[in-house]
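Asks: Just one file: final18.cif, with mmCIF, C-alpha atoms.
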data_entry
loop_
_atom_site.label_atom_id
_atom_site.label_comp_id
_atom_site.auth_asym_id
_atom_site.auth_seq_id
_atom_site.Cartn_x
_atom_site.Cartn_y
_atom_site.Cartn_z
CA MET A 1011 -27.98 -9.43 26.77
CA SER A 1012 -27.53 -12.73 24.89
CA LYS A 1013 -29.00 -14.68 27.82
CA SER A 1014 -32.25 -12.71 27.57
CA LEU A 1015 -32.73 -13.46 23.87
CA ARG A 1016 -34.55 -16.43 22.41
CA LEU A 1017 -32.31 -19.07 20.82
CA SER A 1018 -33.56 -18.37 17.32
CA GLU A 1019 -33.16 -14.64 17.94
CA LYS A 1020 -29.52 -15.16 18.89
CA TRP A 1021 -28.81 -17.01 15.65
CA PHE A 1022 -30.74 -14.44 13.64
CA ASN A 1023 -28.59 -11.67 15.18
CA ARG A 1024 -25.42 -13.61 14.40
CA GLY A 1025 -26.60 -14.14 10.84
CA LEU A 1026 -27.36 -10.45 10.47
CA TRP A 1027 -23.84 -9.60 11.64
CA VAL A 1028 -22.48 -12.02 9.06
CA ILE A 1029 -24.56 -10.21 6.43
CA ALA A 1030 -23.15 -6.89 7.67
CA PHE A 1031 -19.56 -8.11 7.33
CA VAL A 1032 -20.20 -9.72 3.93
CA PHE A 1033 -21.85 -6.53 2.71
CA ALA A 1034 -18.90 -4.50 4.00
CA GLY A 1035 -16.47 -6.93 2.30
CA PHE A 1036 -18.09 -6.50 -1.10
CA LEU A 1037 -18.21 -2.73 -0.69
CA ILE A 1038 -14.54 -2.67 0.36
CA GLY A 1039 -13.58 -4.74 -2.69
CA LEU A 1040 -15.50 -2.42 -5.01
CA GLY A 1041 -13.99 0.64 -3.33
CA ASN A 1042 -10.49 -0.79 -3.65
CA VAL A 1043 -10.96 -1.30 -7.38
CA ILE A 1044 -12.36 2.21 -7.86
CA VAL A 1045 -9.60 3.85 -5.79
CA GLY A 1046 -6.93 1.88 -7.66
CA ASP A 1047 -8.32 2.88 -11.08
CA LEU A 1048 -8.65 6.59 -10.32
CA PRO A 1049 -5.16 7.45 -11.72
CA GLN A 1050 -6.44 6.48 -15.18
CA VAL A 1051 -8.78 9.47 -15.06
CA ASP A 1052 -5.82 11.86 -15.07
CA GLY A 1053 -4.03 10.09 -17.92
CA ARG A 1054 -0.54 8.61 -18.15
CA ILE A 1055 2.39 10.99 -17.77
CA GLU A 1056 5.75 10.12 -19.37
CA ARG A 1057 9.09 11.91 -19.25
CA GLU A 1058 9.29 12.07 -23.07
CA GLN A 1059 6.30 14.42 -23.15
CA PHE A 1060 8.41 17.24 -21.65
CA VAL A 1061 11.47 16.98 -23.92
CA ASP A 1062 12.22 19.78 -26.41
CA ARG A 1063 11.94 17.58 -29.49
CA ALA A 1064 13.11 20.21 -31.98
CA ALA A 1065 16.38 20.78 -30.12
CA VAL A 1066 16.94 17.20 -29.01
CA ALA A 1067 16.21 15.40 -32.30
CA PRO A 1068 19.46 16.35 -34.14
CA LEU A 1069 21.54 15.63 -31.04
CA ARG A 1070 19.96 12.22 -30.71
CA LEU A 1071 20.62 11.53 -34.39
CA GLU A 1072 24.25 12.50 -33.88
CA ARG A 1073 24.52 10.29 -30.80
CA ASP A 1074 22.84 7.35 -32.54
CA ALA A 1075 25.15 7.72 -35.54
CA ALA A 1076 28.19 7.72 -33.25
CA ILE A 1077 26.86 4.60 -31.49
CA ALA A 1078 26.34 2.94 -34.87
CA ARG A 1079 29.90 3.79 -35.94
CA ALA A 1080 31.27 2.41 -32.70
CA GLU A 1081 29.28 -0.79 -33.10
CA ALA A 1082 30.42 -1.11 -36.71
CA ALA A 1083 34.05 -0.54 -35.70
CA GLN A 1084 34.03 -3.18 -32.98
CA PRO A 1085 34.33 -6.33 -35.19
CA PRO A 1086 37.25 -4.96 -37.30
CA LEU A 1087 38.98 -3.87 -34.11
CA ASP A 1088 38.61 -7.35 -32.65
CA GLN A 1089 40.06 -8.86 -35.84
CA ALA A 1090 42.93 -6.38 -35.86
CA GLU A 1091 43.71 -7.15 -32.21
CA LEU A 1092 43.80 -10.88 -32.99
CA GLN A 1093 46.04 -10.37 -36.04
CA LEU A 1094 48.39 -8.19 -34.00
CA GLN A 1095 48.57 -10.81 -31.31
CA ALA A 1096 49.30 -13.54 -33.88
CA ALA A 1097 51.94 -11.43 -35.66
CA SER A 1098 53.66 -10.55 -32.40
CA GLN A 1099 53.72 -14.19 -31.36
CA ALA A 1100 55.13 -15.22 -34.73
CA TYR A 1101 57.84 -12.57 -34.57
CA LEU A 1102 58.84 -13.55 -31.03
CA SER A 1103 59.04 -17.23 -32.02
CA GLY A 1104 61.04 -16.40 -35.13
CA ARG A 1105 63.44 -14.20 -33.23
CA GLU A 1106 64.00 -16.88 -30.61
CA THR A 1107 64.69 -19.45 -33.32
CA PHE A 1108 67.04 -17.06 -35.10
CA GLN A 1109 68.95 -16.32 -31.91
CA ASN A 1110 69.37 -20.01 -31.22
CA TRP A 1111 70.61 -20.62 -34.75
CA VAL A 1112 73.09 -17.72 -34.55
CA ALA A 1113 74.43 -19.09 -31.30
CA THR A 1114 74.94 -22.48 -32.93
CA ARG A 1115 76.70 -20.99 -35.95
CA THR A 1116 79.00 -18.93 -33.73
CA ALA A 1117 79.96 -22.07 -31.87
CA THR A 1118 80.70 -24.07 -35.04
CA GLU A 1119 82.20 -21.17 -37.10
CA ARG A 1120 81.17 -22.68 -40.45
CA PRO A 1121 81.43 -20.01 -43.21
CA GLY A 1122 79.20 -22.05 -45.47
CA GLN A 1123 76.16 -21.02 -43.43
CA ASP A 1124 76.45 -17.29 -44.30
CA THR A 1125 73.87 -17.62 -47.07
CA GLU A 1126 71.39 -19.26 -44.68
CA LEU A 1127 72.07 -16.46 -42.16
CA VAL A 1128 71.02 -13.88 -44.72
CA ALA A 1129 67.86 -15.85 -45.53
CA ARG A 1130 66.93 -16.29 -41.89
CA THR A 1131 67.52 -12.59 -41.25
CA ALA A 1132 65.23 -11.73 -44.17
CA ARG A 1133 62.49 -14.00 -42.85
CA LEU A 1134 62.81 -12.42 -39.40
CA ASP A 1135 62.56 -8.95 -40.95
CA ALA A 1136 59.44 -10.02 -42.77
CA LEU A 1137 57.87 -11.20 -39.52
CA LYS A 1138 58.77 -7.87 -37.92
CA ALA A 1139 57.24 -5.98 -40.82
CA ALA A 1140 54.04 -8.07 -40.53
CA GLU A 1141 53.89 -7.28 -36.83
CA ASP A 1142 54.34 -3.56 -37.50
CA LYS A 1143 51.60 -3.61 -40.12
CA ALA A 1144 49.22 -5.44 -37.77
CA ARG A 1145 49.98 -2.93 -35.04
CA LYS A 1146 49.24 -0.01 -37.37
CA ASP A 1147 45.97 -1.60 -38.46
CA ALA A 1148 44.97 -2.15 -34.84
CA GLU A 1149 45.87 1.44 -33.95
CA ALA A 1150 43.78 2.68 -36.88
CA GLN A 1151 40.77 0.65 -35.70
CA ARG A 1152 41.28 1.90 -32.14
CA GLN A 1153 41.28 5.46 -33.45
CA ILE A 1154 38.02 4.88 -35.29
CA MET A 1155 36.48 3.44 -32.14
CA LEU A 1156 37.84 6.32 -30.03
CA ASP A 1157 36.46 8.93 -32.43
CA ALA A 1158 33.01 7.26 -32.34
CA ARG A 1159 33.01 7.07 -28.54
CA GLN A 1160 34.08 10.68 -28.19
CA ALA A 1161 31.40 11.80 -30.65
CA GLN A 1162 28.84 9.85 -28.60
CA SER A 1163 30.07 11.47 -25.36
CA ARG A 1164 29.89 14.97 -26.88
CA ALA A 1165 26.35 14.37 -28.12
CA GLU A 1166 25.25 12.99 -24.75
CA ALA A 1167 26.86 15.94 -22.94
CA ARG A 1168 24.93 18.34 -25.15
CA LEU A 1169 21.74 16.37 -24.40
CA VAL A 1170 22.15 16.65 -20.62
CA PRO A 1171 20.69 20.20 -20.21
CA TYR A 1172 17.59 19.23 -22.20
CA THR A 1173 17.08 15.94 -20.32
CA ASP A 1174 17.58 17.67 -16.95
CA ALA A 1175 15.02 20.34 -17.84
CA ALA A 1176 12.60 17.65 -19.03
CA GLN A 1177 13.16 15.71 -15.81
CA LYS A 1178 12.28 18.73 -13.68
CA ARG A 1179 9.13 19.44 -15.70
CA TYR A 1180 8.21 15.76 -15.54
CA GLU A 1181 8.60 15.63 -11.75
CA ALA A 1182 6.50 18.79 -11.34
CA ALA A 1183 3.77 17.39 -13.59
CA LEU A 1184 3.89 14.04 -11.82
CA GLN A 1185 3.52 15.73 -8.43
CA ALA A 1186 0.60 17.79 -9.72
CA SER A 1187 -1.00 14.65 -11.14
CA GLU A 1188 -0.56 12.82 -7.83
CA LEU A 1189 -2.15 15.76 -6.04
CA ARG A 1190 -5.14 15.73 -8.40
CA VAL A 1191 -5.56 11.97 -8.08
CA PHE A 1192 -5.31 12.27 -4.31
CA GLY A 1193 -8.01 14.94 -4.48
CA TYR A 1194 -10.19 12.55 -6.49
CA ARG A 1195 -9.68 9.82 -3.90
CA LEU A 1196 -10.31 12.21 -1.03
CA ALA A 1197 -13.45 13.56 -2.73
CA LEU A 1198 -14.64 9.96 -3.06
CA THR A 1199 -13.85 8.70 0.45
CA LEU A 1200 -14.58 11.78 2.57
CA PRO A 1201 -18.31 11.90 1.69
CA LEU A 1202 -18.50 8.18 2.50
CA LEU A 1203 -17.15 8.98 5.96
CA VAL A 1204 -19.72 11.75 6.40
CA ILE A 1205 -22.56 9.46 5.30
CA ALA A 1206 -21.29 6.76 7.65
CA GLY A 1207 -21.35 9.25 10.53
CA TRP A 1208 -24.92 10.23 9.72
CA LEU A 1209 -25.98 6.59 9.50
CA PHE A 1210 -24.30 5.85 12.82
CA ALA A 1211 -26.12 8.75 14.48
CA ARG A 1212 -29.56 8.17 12.91
CA ARG A 1213 -29.96 4.68 11.51
CA ARG A 1214 -27.73 2.26 13.44
CA GLN A 1215 -30.72 0.84 15.36
CA SER A 1216 -33.14 0.67 12.45
CA LYS A 1217 -34.43 -2.63 11.11
CA TYR A 1218 -31.86 -2.42 8.30
CA TRP A 1219 -28.96 -2.08 10.73
CA PRO A 1220 -26.80 -4.83 9.08
CA PHE A 1221 -26.49 -2.73 5.93
CA VAL A 1222 -25.92 0.39 8.01
CA TRP A 1223 -23.05 -1.18 9.94
CA GLY A 1224 -21.68 -2.76 6.77
CA PHE A 1225 -21.54 0.65 5.10
CA ILE A 1226 -19.95 2.18 8.21
CA LEU A 1227 -17.18 -0.44 8.18
CA PHE A 1228 -16.68 0.11 4.46
CA ALA A 1229 -16.38 3.88 4.87
CA LEU A 1230 -13.86 3.54 7.71
CA VAL A 1231 -11.71 1.08 5.75
CA ALA A 1232 -11.97 3.16 2.57
CA PHE A 1233 -10.70 6.30 4.28
CA PHE A 1234 -8.23 5.06 6.88
CA VAL A 1235 -6.90 1.95 5.08
CA GLU A 1236 -7.41 2.16 1.31
CA LEU A 1237 -6.52 5.85 1.13
CA VAL A 1238 -3.30 5.53 3.17
CA PRO A 1239 -1.06 3.92 0.46
CA TYR A 1240 -1.89 6.77 -1.92
CA LEU A 1241 -1.24 9.61 0.48
CA PRO A 1242 1.45 12.05 -0.73
CA SER A 1243 4.28 13.13 1.53
CA TYR A 1244 2.02 15.67 3.22
CA GLY A 1245 -0.94 13.29 3.28
CA GLY A 1246 -0.31 12.51 6.93
CA TYR A 1247 -1.62 15.96 7.78
CA VAL A 1248 -4.86 15.12 5.98
CA ARG A 1249 -5.20 11.71 7.61
CA PHE A 1250 -4.45 12.90 11.13
CA GLY A 1251 -6.44 16.10 10.60
CA VAL A 1252 -9.52 14.17 9.51
CA GLY A 1253 -8.92 11.73 12.38
CA ILE A 1254 -8.91 14.61 14.84
CA ILE A 1255 -12.09 16.08 13.34
CA VAL A 1256 -13.85 12.71 13.42
CA THR A 1257 -12.70 12.11 16.99
CA VAL A 1258 -13.97 15.53 18.05
CA LEU A 1259 -17.34 14.99 16.36
CA VAL A 1260 -17.75 11.50 17.81
CA GLY A 1261 -16.63 12.72 21.24
CA ARG A 1262 -19.07 15.63 21.10
CA TYR A 1263 -21.85 13.25 20.10
CA ALA A 1264 -20.93 10.91 22.96
CA ILE A 1265 -20.86 13.74 25.50
CA ILE A 1266 -24.24 15.06 24.37
CA ALA A 1267 -25.69 11.55 24.35
CA LEU A 1268 -24.35 10.92 27.86
CA ASN A 1269 -25.83 14.16 29.19
CA ASP A 1270 -29.16 13.41 27.52
CA TYR A 1271 -29.08 9.91 28.97
CA LEU A 1272 -28.35 11.17 32.48
CA ALA A 1273 -31.09 13.79 32.19
CA GLN A 1274 -33.54 11.15 30.98
CA GLN A 1275 -32.53 8.84 33.81
CA ARG A 1276 -33.17 11.58 36.36
CA LEU A 1277 -36.62 12.19 34.88
CA GLN A 1278 -37.43 8.48 34.92
CA GLU A 1279 -36.23 8.07 38.48
CA ALA A 1280 -38.59 10.88 39.51
CA GLN A 1281 -41.61 9.01 38.08
CA PRO A 1282 -43.70 6.48 40.04
CA ASN A 1283 -42.57 2.89 40.25
CA GLN A 1284 -45.24 1.48 37.92
CA ALA A 1285 -44.74 4.19 35.31
CA ARG A 1286 -41.01 3.46 35.21
CA ARG A 1287 -41.66 -0.26 34.91
CA ASP A 1288 -44.02 0.30 31.99
CA THR A 1289 -41.31 2.13 30.04
CA LEU A 1290 -38.88 -0.81 30.34
CA SER A 1291 -39.06 -3.63 27.84
CA TYR A 1292 -38.83 -7.18 29.05
CA ASP A 1293 -35.64 -7.92 27.09
CA ALA A 1294 -33.92 -4.75 28.30
CA ALA A 1295 -34.82 -5.48 31.91
CA LEU A 1296 -33.48 -9.05 31.70
CA ALA A 1297 -30.31 -7.87 30.00
CA ARG A 1298 -29.59 -5.36 32.77
CA LEU A 1299 -30.40 -7.83 35.52
CA ASP A 1300 -28.09 -10.32 33.84
CA LYS A 1301 -25.30 -7.76 34.15
CA GLY A 1302 -26.00 -7.27 37.86
CA VAL A 1303 -27.38 -3.73 37.53
CA CYS A 1304 -30.74 -2.16 38.24
CA PRO A 1305 -33.00 -2.08 35.15
CA GLY A 1306 -34.20 1.40 36.14
CA CYS A 1307 -31.06 3.34 37.04
CA GLU A 1308 -28.39 0.84 35.83
CA ARG A 1309 -26.45 1.08 39.09
CA PRO A 1310 -24.88 -2.08 40.56
CA VAL A 1311 -27.15 -4.13 42.82
CA ASP A 1312 -26.38 -7.32 44.74
CA LEU A 1313 -29.07 -9.47 43.14
CA LYS A 1314 -27.85 -12.58 44.96
CA ASP A 1315 -29.01 -11.14 48.27
CA PRO A 1316 -32.54 -12.58 48.86
CA ALA A 1317 -33.36 -9.67 51.17
CA ILE A 1318 -33.14 -7.12 48.34
CA ASP A 1319 -36.46 -6.74 46.53
CA PHE A 1320 -36.10 -3.08 45.57
CA CYS A 1321 -33.23 -1.06 44.12
CA PRO A 1322 -31.51 0.83 46.97
CA HIS A 1323 -30.60 3.61 44.52
CA CYS A 1324 -33.84 4.43 42.72
CA GLY A 1325 -36.46 2.31 44.57
CA ILE A 1326 -37.77 0.39 41.56
CA GLY A 1327 -39.11 -3.09 42.32
CA LEU A 1328 -36.77 -5.88 41.32
CA TYR A 1329 -38.48 -8.91 42.89
CA ASP A 1330 -42.04 -9.56 44.03
CA HIS A 1331 -44.12 -12.59 45.03
CA CYS A 1332 -46.53 -14.57 42.94
CA HIS A 1333 -50.13 -13.91 44.00
CA ALA A 1334 -50.97 -17.52 43.35
CA CYS A 1335 -48.19 -19.47 45.08
CA ASN A 1336 -46.33 -16.65 46.91
CA THR A 1337 -43.00 -17.61 45.27
CA ARG A 1338 -40.38 -14.88 45.08
CA LYS A 1339 -39.83 -14.11 41.42
CA ASN A 1340 -38.42 -11.51 39.07
CA ALA A 1341 -40.73 -8.49 39.10
CA PHE A 1342 -40.35 -8.08 35.34
CA SER A 1343 -41.20 -11.69 34.47
CA PRO A 1344 -44.65 -11.98 32.83
CA TYR A 1345 -45.16 -15.44 34.36
CA CYS A 1346 -44.33 -17.11 37.65
CA HIS A 1347 -41.51 -19.58 37.24
CA ALA A 1348 -42.99 -21.84 39.94
CA CYS A 1349 -46.65 -22.15 38.93
CA GLY A 1350 -46.85 -20.37 35.57
CA THR A 1351 -49.49 -17.89 36.67
CA PRO A 1352 -49.48 -14.74 34.52
CA ALA A 1353 -48.26 -11.81 36.53
CA LYS A 1354 -50.75 -9.34 35.06
CA ALA A 1355 -53.66 -11.74 35.46
CA ALA A 1356 -52.76 -12.34 39.04
#
As structure tokens - that is how I would like this structure written.
Replies:
Amino acid sequence: MSKSLRLSEKWFNRGLWVIAFVFAGFLIGLGNVIVGDLPQVDGRIEREQFVDRAAVAPLRLERDAAIARAEAAQPPLDQAELQLQAASQAYLSGRETFQNWVATRTATERPGQDTELVARTARLDALKAAEDKARKDAEAQRQIMLDARQAQSRAEARLVPYTDAAQKRYEAALQASELRVFGYRLALTLPLLVIAGWLFARRRQSKYWPFVWGFILFALVAFFVELVPYLPSYGGYVRFGVGIIVTVLVGRYAIIALNDYLAQQRLQEAQPNQARRDTLSYDAALARLDKGVCPGCERPVDLKDPAIDFCPHCGIGLYDHCHACNTRKNAFSPYCHACGTPAKAA
């Protein structure tokens, strides 16, 4: 059909399609924002809202106190562990030195060193006593830490039934909220799809067709694209169900339109040649001839054959001769391409 249009008309049509797509783009952007903000209508749901505060509060206080005791016991435990390590190292070094000295004394057998032996033994005993004290202090700190950790574990174990119950109620409320929000989105997008179907059936060829097609594209994207990420686990049934319904409605419309078209074609083919020609617009006739079909019945015709002046299927005139110069020309052309004589005037 583009070959039958004027050059400016082609560019106007292209510009109108650009307007349709731009209009659809702005509508899609607005719809995306609205669909994304719909969860705010239902409010924010948090797990803490479903916890039994009266029963959980004392248990949490007990747990927090145990955590605080454990944190407070950690630095003294670290210090006690370091002191125990130092005391043990000192005792081991002292014992090794004492054993070496005893071995030397045994080899020399000098009785005058008995006093030093007693002193060294006393120093070694003192190191052992310091090690024992450090070990006891470390064990006491470990016990404090163990008691705090066990108290924390008991409090957390007593909290588990309440947190599990809150989790179940939270998940149920979250699922209900998602269902309501999905209903909001569906209630917003489904009417758009219905309006788009009505516009397609009634207004797609009106003079405002760019806005009609822009809205149709927006409605299709809003339902089948923007709604998909928010579909719940069973949302596929809705999407495919609506798809089936839309397909059935569009198919029914196409079947009815085809039957009406065929019936109209049969009525037109039964009319006289001139009456049928008067019902055809110049642009429509050129567009069909450009496709190699008869403008009247739209059946294929070998237009390159110079012997064919009439459609062999419906009999409508395709070519005639200029009354001024007798040149074979398109029967639908308003002027002769050879001499420019108006067809109607001739």
Asks: At a cut-off of 12 Å around the point (-27.5, -2.5, 39.9) (file coordinates), what residues fall inside when counting all atoms listed in the file? I'd like the answer as an MDAnalysis selection string.
Replies: chainID A and resid 1295 1297:1314 1318:1328
Asks: Rounded to one decimal, what separation in Å do you get between CA of Gly1035 in chain A and CA of Phe1250 in chain A?
Replies: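 Result for CA of Gly1035 in chain A versus CA of Phe1250 in chain A: 24.8 Å, one decimal.
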Asks: Which of these, A:Gln1215, A:Gln1095, A:Ala1034, A:Leu1169, has the shortest distance to Leu1071 in chain A once you count only C-alpha atoms?
Replies: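 Result for the nearest residue to Leu1071 in chain A: A:Leu1169.
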Asks: Quote the spacing between CA of Ala1161 in chain A and CA of Pro1068 in chain A in Å to one decimal place.
Replies: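 Taking CA of Ala1161 in chain A as the start and CA of Pro1068 in chain A as the end point, the length is 13.2 Å.
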Asks: Please evaluate the PyMOL selection byres ((chain A and resi 1066) around 10) against the structure above and give the resulting residues as a list in words.
Replies: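 Taken on the displayed file, the PyMOL selection byres ((chain A and resi 1066) around 10) yields the residues Val1061, Asp1062, Arg1063, Ala1064, Ala1065, Ala1067, Pro1068, Leu1069, Arg1070, Leu1071, Glu1072, Ala1165, Arg1168, Leu1169, Val1170, Tyr1172 and Thr1173 of chain A.
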Asks: For Ala1206 in chain A, please output as an MDAnalysis selection string all residues within 9 Å (counting all atoms listed in the file; exclusion window: fewer than 6 positions along the same chain).
Replies: chainID A and resid 1222:1223 1225:1230
Asks: For Gly1025 in chain A, which of A:Gly1350, A:Gly1261, A:Gly1039, A:Pro1220 is the closest residue, counting only C-alpha atoms?
Replies: A:Pro1220
Asks: Name the residues that the PyMOL selection byres ((chain A and resi 1338) around 12) pulls out of this structure, and write them as a ChimeraX atom specification.
Replies: /A:1316-1319,1328-1337,1339-1343,1345-1349
Asks: Any chance you could resolve the PyMOL selection byres ((chain A and resi 1135-1145) around 7) against this file and give the residues as JSON, numbers by chain?
Replies: {"A": [1090, 1093, 1094, 1097, 1098, 1100, 1101, 1131, 1132, 1133, 1134, 1146, 1147, 1148, 1149]}
